[in-house]
>>> print(open('upload27.tsv').read())   # TSV, C-alpha atoms
chain	number	residue	atom	x	y	z
L	1	MET	CA	-143.24	-111.26	11.66
L	2	LEU	CA	-143.99	-107.96	13.36
L	3	ILE	CA	-141.45	-105.30	12.58
L	4	GLN	CA	-140.80	-102.13	14.47
L	5	CYS	CA	-139.65	-99.74	11.81
L	6	LYS	CA	-138.23	-96.30	12.59
L	7	VAL	CA	-138.06	-94.00	9.60
L	8	ARG	CA	-136.31	-90.67	9.50
L	9	ARG	CA	-138.80	-88.10	8.26
L	10	PHE	CA	-138.38	-84.58	6.99
L	11	ASN	CA	-140.66	-82.33	4.99
L	12	PRO	CA	-138.83	-79.04	4.47
L	13	THR	CA	-142.04	-77.05	3.90
L	14	VAL	CA	-143.41	-78.04	7.33
L	15	ASP	CA	-140.65	-79.40	9.58
L	16	LYS	CA	-137.86	-77.39	11.10
L	17	LYS	CA	-135.86	-80.50	11.97
L	18	PRO	CA	-135.89	-84.14	10.87
L	19	TYR	CA	-137.62	-86.57	13.22
L	20	PHE	CA	-138.31	-90.29	13.45
L	21	SER	CA	-141.69	-91.95	12.88
L	22	THR	CA	-142.11	-95.46	14.22
L	23	TYR	CA	-144.40	-97.96	12.53
L	24	GLN	CA	-145.45	-101.48	13.56
L	25	VAL	CA	-145.57	-103.44	10.31
L	26	GLU	CA	-146.59	-107.03	9.69
L	27	ALA	CA	-144.30	-108.59	7.07
L	28	GLU	CA	-143.24	-111.99	5.77
L	29	PRO	CA	-139.62	-112.86	6.61
L	30	THR	CA	-139.00	-113.18	2.87
L	31	ASP	CA	-140.42	-109.74	2.12
L	32	ARG	CA	-137.95	-107.16	1.02
L	33	VAL	CA	-137.49	-103.92	2.92
L	34	LEU	CA	-139.08	-102.18	-0.06
L	35	ASP	CA	-142.24	-104.29	0.35
L	36	MET	CA	-142.37	-103.20	3.97
L	37	LEU	CA	-142.02	-99.54	2.99
L	38	ASN	CA	-144.80	-100.04	0.45
L	39	THR	CA	-147.00	-101.51	3.20
L	40	ILE	CA	-146.34	-98.43	5.33
L	41	LYS	CA	-147.08	-96.05	2.47
L	42	TRP	CA	-150.14	-97.88	1.14
L	43	GLU	CA	-151.73	-98.91	4.41
L	44	LEU	CA	-150.36	-96.90	7.33
L	45	ASP	CA	-149.05	-93.49	6.29
L	46	GLY	CA	-149.44	-92.15	2.77
L	47	THR	CA	-147.16	-89.19	3.45
L	48	LEU	CA	-144.03	-91.35	3.64
L	49	THR	CA	-141.88	-90.49	0.63
L	50	TYR	CA	-139.15	-92.57	-0.98
L	51	ARG	CA	-137.81	-93.34	-4.45
L	52	ARG	CA	-138.31	-96.68	-6.13
L	53	SER	CA	-138.62	-97.68	-9.72
L	54	CYS	CA	-137.72	-101.12	-11.04
L	55	ALA	CA	-137.77	-102.77	-7.60
L	56	HIS	CA	-135.36	-105.43	-8.82
L	57	GLY	CA	-131.93	-104.04	-7.93
L	58	VAL	CA	-131.16	-102.61	-11.35
L	59	CYS	CA	-132.31	-98.99	-11.49
L	60	GLY	CA	-130.57	-97.91	-8.28
L	61	SER	CA	-133.39	-95.64	-7.08
L	62	ASP	CA	-134.01	-97.00	-3.60
L	63	ALA	CA	-130.58	-96.87	-1.96
L	64	MET	CA	-131.01	-95.91	1.68
L	65	ARG	CA	-129.42	-96.32	5.07
L	66	ILE	CA	-130.88	-99.43	6.72
L	67	ASN	CA	-129.68	-100.01	10.29
L	68	GLY	CA	-126.67	-97.83	9.60
L	69	ARG	CA	-125.64	-99.51	6.36
L	70	ASN	CA	-126.36	-98.42	2.82
L	71	ARG	CA	-128.49	-100.96	1.02
L	72	LEU	CA	-130.99	-101.12	-1.82
L	73	ALA	CA	-134.36	-101.56	-0.14
L	74	CYS	CA	-135.40	-103.89	-2.99
L	75	LYS	CA	-132.40	-106.18	-2.56
L	76	VAL	CA	-132.42	-106.85	1.16
L	77	LEU	CA	-134.85	-109.19	2.90
L	78	VAL	CA	-136.59	-108.29	6.11
L	79	ARG	CA	-135.37	-111.47	7.86
L	80	ASP	CA	-131.75	-110.46	7.18
L	81	ILE	CA	-132.25	-107.17	9.02
L	82	GLY	CA	-134.31	-108.37	11.98
L	83	ASN	CA	-137.50	-107.10	13.58
L	84	LYS	CA	-136.06	-103.76	14.63
L	85	MET	CA	-135.25	-101.49	11.73
L	86	THR	CA	-134.06	-97.92	11.38
L	87	ILE	CA	-134.30	-96.45	7.92
L	88	GLU	CA	-132.64	-93.15	7.02
L	89	PRO	CA	-131.87	-91.30	3.79
L	90	MET	CA	-128.34	-91.62	2.38
L	91	MET	CA	-125.90	-89.38	4.21
L	92	GLY	CA	-124.04	-86.44	2.72
L	93	PHE	CA	-126.76	-85.19	0.38
L	94	THR	CA	-129.48	-82.61	0.97
L	95	VAL	CA	-132.70	-84.31	2.00
L	96	LEU	CA	-135.55	-83.18	-0.23
L	97	ARG	CA	-138.19	-85.10	1.67
L	98	ASP	CA	-138.09	-88.16	3.95
L	99	LEU	CA	-135.87	-90.70	2.16
L	100	VAL	CA	-135.51	-88.67	-1.04
L	101	VAL	CA	-132.19	-86.86	-1.44
L	102	ASP	CA	-130.89	-84.39	-4.01
L	103	MET	CA	-128.74	-86.46	-6.36
L	104	GLU	CA	-127.67	-83.54	-8.59
L	105	PRO	CA	-124.22	-83.01	-6.98
L	106	PHE	CA	-123.64	-86.75	-7.35
L	107	PHE	CA	-124.37	-86.70	-11.08
L	108	GLU	CA	-122.26	-83.57	-11.54
L	109	LYS	CA	-119.25	-85.46	-10.25
L	110	TYR	CA	-120.16	-88.46	-12.38
L	111	LYS	CA	-120.19	-86.20	-15.47
L	112	ALA	CA	-116.86	-84.61	-14.45
L	113	VAL	CA	-114.98	-87.89	-15.05
L	114	LYS	CA	-116.31	-88.09	-18.65
L	115	PRO	CA	-118.03	-91.47	-18.25
L	116	TYR	CA	-118.15	-92.36	-21.93
L	117	LEU	CA	-115.80	-93.87	-24.48
L	118	ILE	CA	-113.49	-91.30	-26.06
L	119	ASN	CA	-111.61	-92.42	-29.13
L	120	ASP	CA	-111.18	-90.05	-32.07
L	121	ASN	CA	-109.46	-92.61	-34.27
L	122	PRO	CA	-111.56	-93.53	-37.32
L	123	ALA	CA	-113.74	-96.52	-36.55
L	124	PRO	CA	-112.35	-99.75	-38.02
L	125	VAL	CA	-114.35	-101.68	-40.61
L	126	THR	CA	-115.18	-104.36	-38.06
L	127	GLU	CA	-115.36	-103.91	-34.30
L	128	ARG	CA	-112.67	-102.52	-31.97
L	129	LEU	CA	-111.62	-105.99	-30.95
L	130	GLN	CA	-110.82	-106.65	-27.32
L	131	SER	CA	-109.32	-109.77	-25.77
L	132	PRO	CA	-110.97	-111.45	-22.76
L	133	GLU	CA	-107.98	-110.26	-20.68
L	134	GLU	CA	-108.52	-106.66	-21.79
L	135	LEU	CA	-112.18	-106.90	-20.82
L	136	GLU	CA	-111.28	-108.45	-17.47
L	137	ALA	CA	-109.34	-105.29	-16.52
L	138	TYR	CA	-112.51	-103.21	-16.20
L	139	ASP	CA	-115.35	-105.76	-16.25
L	140	ASP	CA	-116.13	-105.36	-12.54
L	141	THR	CA	-116.65	-101.60	-12.73
L	142	THR	CA	-119.12	-101.86	-15.64
L	143	LYS	CA	-121.69	-103.14	-13.15
L	144	CYS	CA	-122.30	-99.74	-11.50
L	145	ILE	CA	-125.97	-98.64	-11.42
L	146	LEU	CA	-125.30	-95.16	-9.95
L	147	CYS	CA	-127.36	-95.73	-6.82
L	148	ALA	CA	-124.88	-93.64	-4.76
L	149	ALA	CA	-124.76	-96.22	-1.95
L	150	CYS	CA	-120.94	-96.24	-2.07
L	151	THR	CA	-120.40	-92.49	-2.18
L	152	THR	CA	-122.83	-91.85	0.68
L	153	ALA	CA	-121.23	-94.60	2.79
L	154	CYS	CA	-117.84	-92.90	2.50
L	155	PRO	CA	-116.68	-91.04	5.66
L	156	PRO	CA	-114.31	-88.72	3.73
L	157	PHE	CA	-117.30	-87.77	1.57
L	158	TRP	CA	-119.51	-87.09	4.62
L	159	SER	CA	-117.05	-84.56	5.94
L	160	ASN	CA	-115.96	-83.20	2.57
L	161	PRO	CA	-118.75	-83.00	-0.01
L	162	ASP	CA	-116.26	-81.74	-2.63
L	163	PHE	CA	-114.66	-85.21	-2.81
L	164	VAL	CA	-115.61	-86.73	-6.19
L	165	GLY	CA	-116.46	-89.94	-4.35
L	166	PRO	CA	-116.23	-93.67	-5.06
L	167	ALA	CA	-119.04	-93.87	-7.62
L	168	ALA	CA	-117.46	-91.32	-9.97
L	169	LEU	CA	-114.11	-93.04	-9.53
L	170	VAL	CA	-115.58	-96.46	-10.29
L	171	ASN	CA	-116.95	-95.02	-13.53
L	172	ALA	CA	-113.61	-93.38	-14.31
L	173	HIS	CA	-111.96	-96.78	-13.72
L	174	ARG	CA	-114.37	-98.39	-16.18
L	175	PHE	CA	-112.97	-96.21	-19.01
L	176	ILE	CA	-109.38	-95.71	-17.84
L	177	PHE	CA	-108.81	-99.47	-17.99
L	178	ASP	CA	-110.70	-99.89	-21.27
L	179	SER	CA	-108.13	-100.61	-23.98
L	180	ARG	CA	-110.29	-98.81	-26.59
L	181	ASP	CA	-110.43	-95.54	-24.66
L	182	LYS	CA	-107.94	-92.79	-25.45
L	183	ALA	CA	-108.82	-90.10	-22.90
L	184	GLY	CA	-106.80	-91.37	-19.95
L	185	ALA	CA	-104.92	-88.08	-19.57
L	186	GLU	CA	-108.10	-85.95	-19.65
L	187	ARG	CA	-109.67	-88.06	-16.91
L	188	ALA	CA	-106.45	-88.17	-14.92
L	189	ASP	CA	-106.62	-84.37	-14.55
L	190	VAL	CA	-109.98	-84.74	-12.84
L	191	ILE	CA	-109.34	-87.77	-10.68
L	192	SER	CA	-105.83	-86.75	-9.64
L	193	SER	CA	-106.95	-83.29	-8.57
L	194	ARG	CA	-107.11	-82.10	-4.99
L	195	GLU	CA	-110.59	-83.52	-4.49
L	196	GLY	CA	-109.95	-86.60	-6.58
L	197	VAL	CA	-108.97	-90.16	-5.77
L	198	TRP	CA	-106.36	-89.08	-3.18
L	199	ARG	CA	-109.12	-88.27	-0.71
L	200	CYS	CA	-109.85	-92.00	-0.45
L	201	ARG	CA	-108.79	-93.36	2.93
L	202	THR	CA	-109.49	-97.03	2.09
L	203	VAL	CA	-112.27	-97.25	4.67
L	204	PHE	CA	-113.92	-100.02	2.58
L	205	ASN	CA	-117.45	-98.79	3.44
L	206	CYS	CA	-118.01	-98.37	-0.29
L	207	THR	CA	-117.20	-102.00	-1.02
L	208	ASP	CA	-119.55	-103.10	1.77
L	209	ALA	CA	-122.32	-100.83	0.49
L	210	CYS	CA	-122.22	-101.71	-3.22
L	211	PRO	CA	-125.38	-103.69	-4.06
L	212	ARG	CA	-123.69	-104.95	-7.22
L	213	GLY	CA	-120.71	-106.37	-5.37
L	214	ILE	CA	-118.22	-104.14	-7.14
L	215	GLN	CA	-114.82	-104.18	-5.45
L	216	VAL	CA	-114.96	-100.39	-5.15
L	217	THR	CA	-111.96	-99.81	-2.91
L	218	ASN	CA	-109.89	-102.13	-5.05
L	219	ALA	CA	-110.88	-100.19	-8.17
L	220	MET	CA	-109.80	-96.93	-6.55
L	221	GLU	CA	-106.45	-98.44	-5.53
L	222	GLU	CA	-105.94	-99.57	-9.13
L	223	VAL	CA	-106.65	-96.02	-10.28
L	224	LYS	CA	-104.11	-94.63	-7.78
L	225	ARG	CA	-101.44	-97.07	-8.91
L	226	LYS	CA	-102.12	-96.32	-12.56
L	227	LEU	CA	-101.80	-92.57	-11.94
L	228	LEU	CA	-98.52	-93.18	-10.14
L	229	TYR	CA	-97.07	-95.38	-12.90
L	230	ASP	CA	-98.25	-93.03	-15.66
L	231	ARG	CA	-96.94	-89.87	-14.06
L	232	ALA	CA	-93.78	-91.13	-12.40
J	1	MET	CA	-119.75	-74.70	-13.20
J	2	SER	CA	-120.11	-77.77	-11.02
J	3	LEU	CA	-118.63	-78.24	-7.57
J	4	ALA	CA	-116.29	-80.93	-8.79
J	5	GLU	CA	-115.13	-78.84	-11.73
J	6	ARG	CA	-114.45	-75.89	-9.45
J	7	ALA	CA	-112.47	-78.09	-7.08
J	8	ILE	CA	-110.44	-79.33	-10.02
J	9	GLN	CA	-109.80	-75.90	-11.47
J	10	ARG	CA	-108.38	-74.61	-8.20
J	11	ARG	CA	-105.26	-76.71	-8.69
J	12	PRO	CA	-105.05	-77.83	-12.27
J	13	GLY	CA	-102.35	-80.20	-13.39
J	14	THR	CA	-100.42	-80.56	-10.17
J	15	ASN	CA	-99.22	-83.91	-8.99
J	16	PHE	CA	-98.81	-82.80	-5.38
J	17	GLU	CA	-101.48	-85.10	-3.95
J	18	LEU	CA	-100.10	-88.02	-5.94
J	19	TRP	CA	-96.60	-87.56	-4.52
J	20	SER	CA	-97.99	-86.95	-1.04
J	21	TRP	CA	-99.80	-90.30	-1.27
J	22	TYR	CA	-96.70	-92.09	-2.57
J	23	TYR	CA	-94.46	-90.46	0.03
J	24	PHE	CA	-96.83	-91.74	2.71
J	25	ARG	CA	-96.26	-95.32	1.62
J	26	ILE	CA	-92.49	-95.05	1.30
J	27	SER	CA	-91.98	-93.12	4.55
J	28	GLY	CA	-94.37	-95.48	6.33
J	29	VAL	CA	-92.37	-98.56	5.33
J	30	LEU	CA	-89.07	-96.89	6.33
J	31	LEU	CA	-90.56	-95.69	9.63
J	32	LEU	CA	-91.71	-99.20	10.43
J	33	PHE	CA	-88.09	-100.36	10.53
J	34	LEU	CA	-86.54	-97.20	11.94
J	35	ALA	CA	-89.10	-96.66	14.69
J	36	LEU	CA	-89.18	-100.33	15.72
J	37	GLY	CA	-85.36	-100.34	15.72
J	38	HIS	CA	-85.39	-97.27	17.91
J	39	VAL	CA	-87.89	-98.82	20.34
J	40	TYR	CA	-85.88	-102.04	20.46
J	41	ILE	CA	-82.56	-100.32	21.20
J	42	MET	CA	-83.86	-97.77	23.69
J	43	HIS	CA	-86.45	-99.83	25.54
J	44	ILE	CA	-85.81	-103.53	25.07
J	45	ALA	CA	-82.14	-104.25	24.36
J	46	THR	CA	-80.98	-101.69	26.91
J	47	PRO	CA	-82.36	-101.86	30.47
J	48	ILE	CA	-84.12	-98.61	31.22
J	49	GLU	CA	-81.77	-97.72	34.13
J	50	GLN	CA	-78.85	-97.75	31.69
J	51	VAL	CA	-80.42	-95.15	29.40
J	52	ASP	CA	-78.83	-92.01	30.75
J	53	TYR	CA	-76.73	-89.09	29.61
J	54	ALA	CA	-73.59	-91.20	29.22
J	55	PHE	CA	-75.48	-93.74	27.09
J	56	VAL	CA	-76.75	-91.05	24.72
J	57	ALA	CA	-73.37	-89.34	24.61
J	58	ALA	CA	-71.68	-92.62	23.70
J	59	ARG	CA	-74.22	-93.23	20.94
J	60	TYR	CA	-73.80	-89.73	19.55
J	61	ALA	CA	-70.04	-90.14	19.40
J	62	ARG	CA	-70.74	-92.13	16.25
J	63	PRO	CA	-72.11	-90.32	13.15
J	64	PHE	CA	-74.18	-93.41	12.30
J	65	TRP	CA	-76.58	-92.91	15.21
J	66	ARG	CA	-76.84	-89.19	14.59
J	67	THR	CA	-77.80	-89.93	10.98
J	68	TYR	CA	-80.21	-92.64	12.13
J	69	ASP	CA	-81.93	-90.25	14.53
J	70	LEU	CA	-81.98	-87.40	12.03
J	71	VAL	CA	-83.58	-89.59	9.36
J	72	LEU	CA	-86.07	-90.88	11.93
J	73	LEU	CA	-86.90	-87.33	13.00
J	74	LEU	CA	-87.37	-85.99	9.49
J	75	LEU	CA	-89.41	-88.98	8.32
J	76	ALA	CA	-91.61	-89.04	11.43
J	77	MET	CA	-92.26	-85.31	11.26
J	78	SER	CA	-92.99	-85.19	7.53
J	79	HIS	CA	-95.13	-88.35	7.64
J	80	GLY	CA	-97.08	-87.09	10.65
J	81	VAL	CA	-97.52	-83.57	9.28
J	82	ASN	CA	-98.71	-84.98	5.98
J	83	GLY	CA	-101.30	-87.06	7.84
J	84	MET	CA	-102.44	-84.09	9.92
J	85	ARG	CA	-102.67	-81.97	6.77
J	86	LEU	CA	-105.08	-84.52	5.27
J	87	ILE	CA	-107.12	-84.82	8.48
J	88	ILE	CA	-107.48	-81.03	8.52
J	89	HIS	CA	-108.51	-81.07	4.87
J	90	ASP	CA	-111.06	-83.79	5.59
J	91	TYR	CA	-112.59	-82.40	8.75
J	92	VAL	CA	-111.92	-78.67	9.13
J	93	ARG	CA	-114.16	-77.14	6.50
J	94	PRO	CA	-114.62	-73.43	7.46
J	95	ARG	CA	-111.89	-71.41	5.78
J	96	GLY	CA	-110.88	-69.43	8.89
J	97	TRP	CA	-110.54	-72.51	11.09
J	98	ARG	CA	-108.63	-74.25	8.36
J	99	VAL	CA	-106.09	-71.43	8.10
J	100	PHE	CA	-105.76	-71.48	11.89
J	101	ALA	CA	-105.29	-75.27	12.03
J	102	HIS	CA	-102.72	-75.20	9.24
J	103	SER	CA	-100.84	-72.36	10.95
J	104	VAL	CA	-100.66	-74.28	14.23
J	105	LEU	CA	-99.65	-77.48	12.44
J	106	TYR	CA	-96.86	-75.99	10.33
J	107	SER	CA	-95.55	-73.80	13.17
J	108	ALA	CA	-95.36	-76.78	15.53
J	109	ALA	CA	-93.76	-78.90	12.82
J	110	LEU	CA	-91.13	-76.27	12.11
J	111	ILE	CA	-90.31	-75.70	15.78
J	112	PHE	CA	-89.99	-79.40	16.62
J	113	THR	CA	-88.02	-80.25	13.49
J	114	VAL	CA	-85.55	-77.40	14.00
J	115	LEU	CA	-85.21	-78.13	17.71
J	116	GLY	CA	-84.66	-81.86	17.13
J	117	ALA	CA	-82.24	-81.36	14.27
J	118	LEU	CA	-80.32	-78.78	16.30
J	119	VAL	CA	-79.82	-81.25	19.14
J	120	ILE	CA	-78.86	-84.11	16.83
J	121	LEU	CA	-76.40	-82.04	14.79
J	122	THR	CA	-74.80	-79.84	17.45
J	123	PHE	CA	-74.71	-82.19	20.46
J	124	GLN	CA	-71.31	-82.09	22.17
J	125	PRO	CA	-70.69	-84.48	25.07
J	126	VAL	CA	-69.82	-82.75	28.33
J	127	GLU	CA	-67.55	-84.56	30.81
J	128	THR	CA	-69.59	-85.59	33.84
>>> encode(input="upload27.tsv", output="structure tokens")
Amino acid sequence: MLIQCKVRRFNPTVDKKPYFSTYQVEAEPTDRVLDMLNTIKWELDGTLTYRRSCAHGVCGSDAMRINGRNRLACKVLVRDIGNKMTIEPMMGFTVLRDLVVDMEPFFEKYKAVKPYLINDNPAPVTERLQSPEELEAYDDTTKCILCAACTTACPPFWSNPDFVGPAALVNAHRFIFDSRDKAGAERADVISSREGVWRCRTVFNCTDACPRGIQVTNAMEEVKRKLLYDRA
Amino acid sequence: MSLAERAIQRRPGTNFELWSWYYFRISGVLLLFLALGHVYIMHIATPIEQVDYAFVAARYARPFWRTYDLVLLLLAMSHGVNGMRLIIHDYVRPRGWRVFAHSVLYSAALIFTVLGALVILTFQPVET
């Protein structure tokens, strides 16, 4: 099928303002959007710049805005989008070039929630045993691949870049609800701060955007309730 | 220091946003009943031509309705101001504009709350 693909372009060393380039691309309906971008780059316009790495929905490099919705280009088929496509970089970050954005502020916030197991108790002889129910409490949020699709789909984040954002909160959830973790209070200081979880307006864009199907909004509501119960 | 860390350090250890969030839920549920009750009494149960000075005076002869209206006023104002405060935080980023917006919001809130409470608490029926 012939696809009319509009891509938002910007090269800060040359362009004053972003602009759209339109390409006519021949693609199979079962091609992924990433394949189509590759066709553009390899055959039509070598200057088009985007991130991709594993191309199988695991590394989280190629999150972008496809027809207004954040998707991984490697996980969405051309036939599911249609023959008219508009591709833009994720919103809310500085565009470095074309579809490549500066992810540093995103990772800063990720680091701020201490996304690692903290437990200073001496390690037991065997493992720190966990029941299936204890695992169930945070299993969903272990699936995050840090693609930033959720955070950059979040309207409160668009208008307020200080908001820690859904991705950092999902990763906080993963450890807050882990029975082996002992740093709940440390993390609570970060996520309950002014720019923490309370900036969430339950828009649900994050849940829609997550390529891993994480119930992002639900996770944030669980974090809010836990903060309330712990501090009340 | 990262952006997020700076944002956190500005207000360390306060639970203000937590209580604001919780208050939203509680006041919202209460307002649902109080506001719908108000609409029902004033606009549905009573024909509009009967809602006049005498009707209000008769209602305000009883402390129950004064309390009802005062609670409704305080909840509606605080719930609404809390919402506006968050909208300003979300959308008004430049510091100067934010101070201006907050000033307008809190001034208006204060004026309307005082005015409303004054009427509810000091209303004396006048023979007509």
>>> interface_residues(input="upload27.tsv", of="chain L", to="chain J", cutoff="7 Å", atoms="only C-alpha atoms", output="list in words")
Glu108, Lys109, Ala112, Pro156, Ser159, Asn160, Asp162, Val164, Asp189, Val190, Ser192, Ser193, Arg194, Glu195, Trp198 and Leu228 of chain L
>>> write_last_selection(input="upload27.tsv", atoms="C-alpha atoms", output="mmCIF file, in the frame of the given file")
data_model
loop_
_atom_site.group_PDB
_atom_site.id
_atom_site.type_symbol
_atom_site.label_atom_id
_atom_site.label_comp_id
_atom_site.auth_asym_id
_atom_site.auth_seq_id
_atom_site.Cartn_x
_atom_site.Cartn_y
_atom_site.Cartn_z
ATOM 1 C CA GLU L 108 -122.260 -83.570 -11.540
ATOM 2 C CA LYS L 109 -119.250 -85.460 -10.250
ATOM 3 C CA ALA L 112 -116.860 -84.610 -14.450
ATOM 4 C CA PRO L 156 -114.310 -88.720 3.730
ATOM 5 C CA SER L 159 -117.050 -84.560 5.940
ATOM 6 C CA ASN L 160 -115.960 -83.200 2.570
ATOM 7 C CA ASP L 162 -116.260 -81.740 -2.630
ATOM 8 C CA VAL L 164 -115.610 -86.730 -6.190
ATOM 9 C CA ASP L 189 -106.620 -84.370 -14.550
ATOM 10 C CA VAL L 190 -109.980 -84.740 -12.840
ATOM 11 C CA SER L 192 -105.830 -86.750 -9.640
ATOM 12 C CA SER L 193 -106.950 -83.290 -8.570
ATOM 13 C CA ARG L 194 -107.110 -82.100 -4.990
ATOM 14 C CA GLU L 195 -110.590 -83.520 -4.490
ATOM 15 C CA TRP L 198 -106.360 -89.080 -3.180
ATOM 16 C CA LEU L 228 -98.520 -93.180 -10.140
#
>>> atom_distance(input="upload27.tsv", atom1="CA of Asp15 in chain L", atom2="CA of Thr49 in chain L")
14.3 Å
>>> residues_near_point(input="upload27.tsv", point="(-89.1, -95.5, 16.1)", cutoff="12 Å", atoms="only C-alpha atoms", output="PyMOL selection string")
chain J and resi 28-43+68-77
>>> write_last_selection(input="upload27.tsv", atoms="C-alpha atoms", output="short mmCIF file (atom, residue, chain, number, x, y, z; two decimals), in the coordinates of the input")
data_model
loop_
_atom_site.label_atom_id
_atom_site.label_comp_id
_atom_site.auth_asym_id
_atom_site.auth_seq_id
_atom_site.Cartn_x
_atom_site.Cartn_y
_atom_site.Cartn_z
CA GLY J 28 -94.37 -95.48 6.33
CA VAL J 29 -92.37 -98.56 5.33
CA LEU J 30 -89.07 -96.89 6.33
CA LEU J 31 -90.56 -95.69 9.63
CA LEU J 32 -91.71 -99.20 10.43
CA PHE J 33 -88.09 -100.36 10.53
CA LEU J 34 -86.54 -97.20 11.94
CA ALA J 35 -89.10 -96.66 14.69
CA LEU J 36 -89.18 -100.33 15.72
CA GLY J 37 -85.36 -100.34 15.72
CA HIS J 38 -85.39 -97.27 17.91
CA VAL J 39 -87.89 -98.82 20.34
CA TYR J 40 -85.88 -102.04 20.46
CA ILE J 41 -82.56 -100.32 21.20
CA MET J 42 -83.86 -97.77 23.69
CA HIS J 43 -86.45 -99.83 25.54
CA TYR J 68 -80.21 -92.64 12.13
CA ASP J 69 -81.93 -90.25 14.53
CA LEU J 70 -81.98 -87.40 12.03
CA VAL J 71 -83.58 -89.59 9.36
CA LEU J 72 -86.07 -90.88 11.93
CA LEU J 73 -86.90 -87.33 13.00
CA LEU J 74 -87.37 -85.99 9.49
CA LEU J 75 -89.41 -88.98 8.32
CA ALA J 76 -91.61 -89.04 11.43
CA MET J 77 -92.26 -85.31 11.26
#
>>> closest_residue(input="upload27.tsv", among="L:Gln215, L:Asp178, L:Ala148, L:Tyr110", to="Glu133 in chain L", atoms="only C-alpha atoms")
L:Asp178
>>> residues_near_point(input="upload27.tsv", point="(-136.9, -88.0, 8.9)", cutoff="7 Å", atoms="only C-alpha atoms", output="VMD selection string")
chain L and resid 7 to 10 18 to 20 88 98
>>> write_last_selection(input="upload27.tsv", atoms="C-alpha atoms", output="PDB file, in the frame of the given file")
ATOM      1  CA  VAL L   7    -138.060 -94.000   9.600  1.00  0.00           C
ATOM      2  CA  ARG L   8    -136.310 -90.670   9.500  1.00  0.00           C
ATOM      3  CA  ARG L   9    -138.800 -88.100   8.260  1.00  0.00           C
ATOM      4  CA  PHE L  10    -138.380 -84.580   6.990  1.00  0.00           C
ATOM      5  CA  PRO L  18    -135.890 -84.140  10.870  1.00  0.00           C
ATOM      6  CA  TYR L  19    -137.620 -86.570  13.220  1.00  0.00           C
ATOM      7  CA  PHE L  20    -138.310 -90.290  13.450  1.00  0.00           C
ATOM      8  CA  GLU L  88    -132.640 -93.150   7.020  1.00  0.00           C
ATOM      9  CA  ASP L  98    -138.090 -88.160   3.950  1.00  0.00           C
TER      10      ASP L  98
END
>>> residues_around(input="upload27.tsv", residues="Arg51 in chain L", least_positions_apart="2", cutoff="9 Å", atoms="only C-alpha atoms", output="list in words")
Thr49, Ser53, Ser61, Asp62, Ala63, Leu99 and Val100 of chain L
>>> residues_around(input="upload27.tsv", residues="Leu34 in chain L", least_positions_apart="3", cutoff="10 Å", atoms="only C-alpha atoms", output="list in words")
Asp31, Leu37, Asn38, Thr39, Ile40, Tyr50, Arg51, Arg52, Ala55, Asp62, Leu72, Ala73, Cys74, Lys75, Val76, Leu77 and Val78 of chain L
>>> atom_distance(input="upload27.tsv", atom1="CA of Leu2 in chain L", atom2="CA of Tyr23 in chain L")
10.0 Å
>>> atom_distance(input="upload27.tsv", atom1="CA of Val119 in chain J", atom2="CA of Val56 in chain J")
11.7 Å
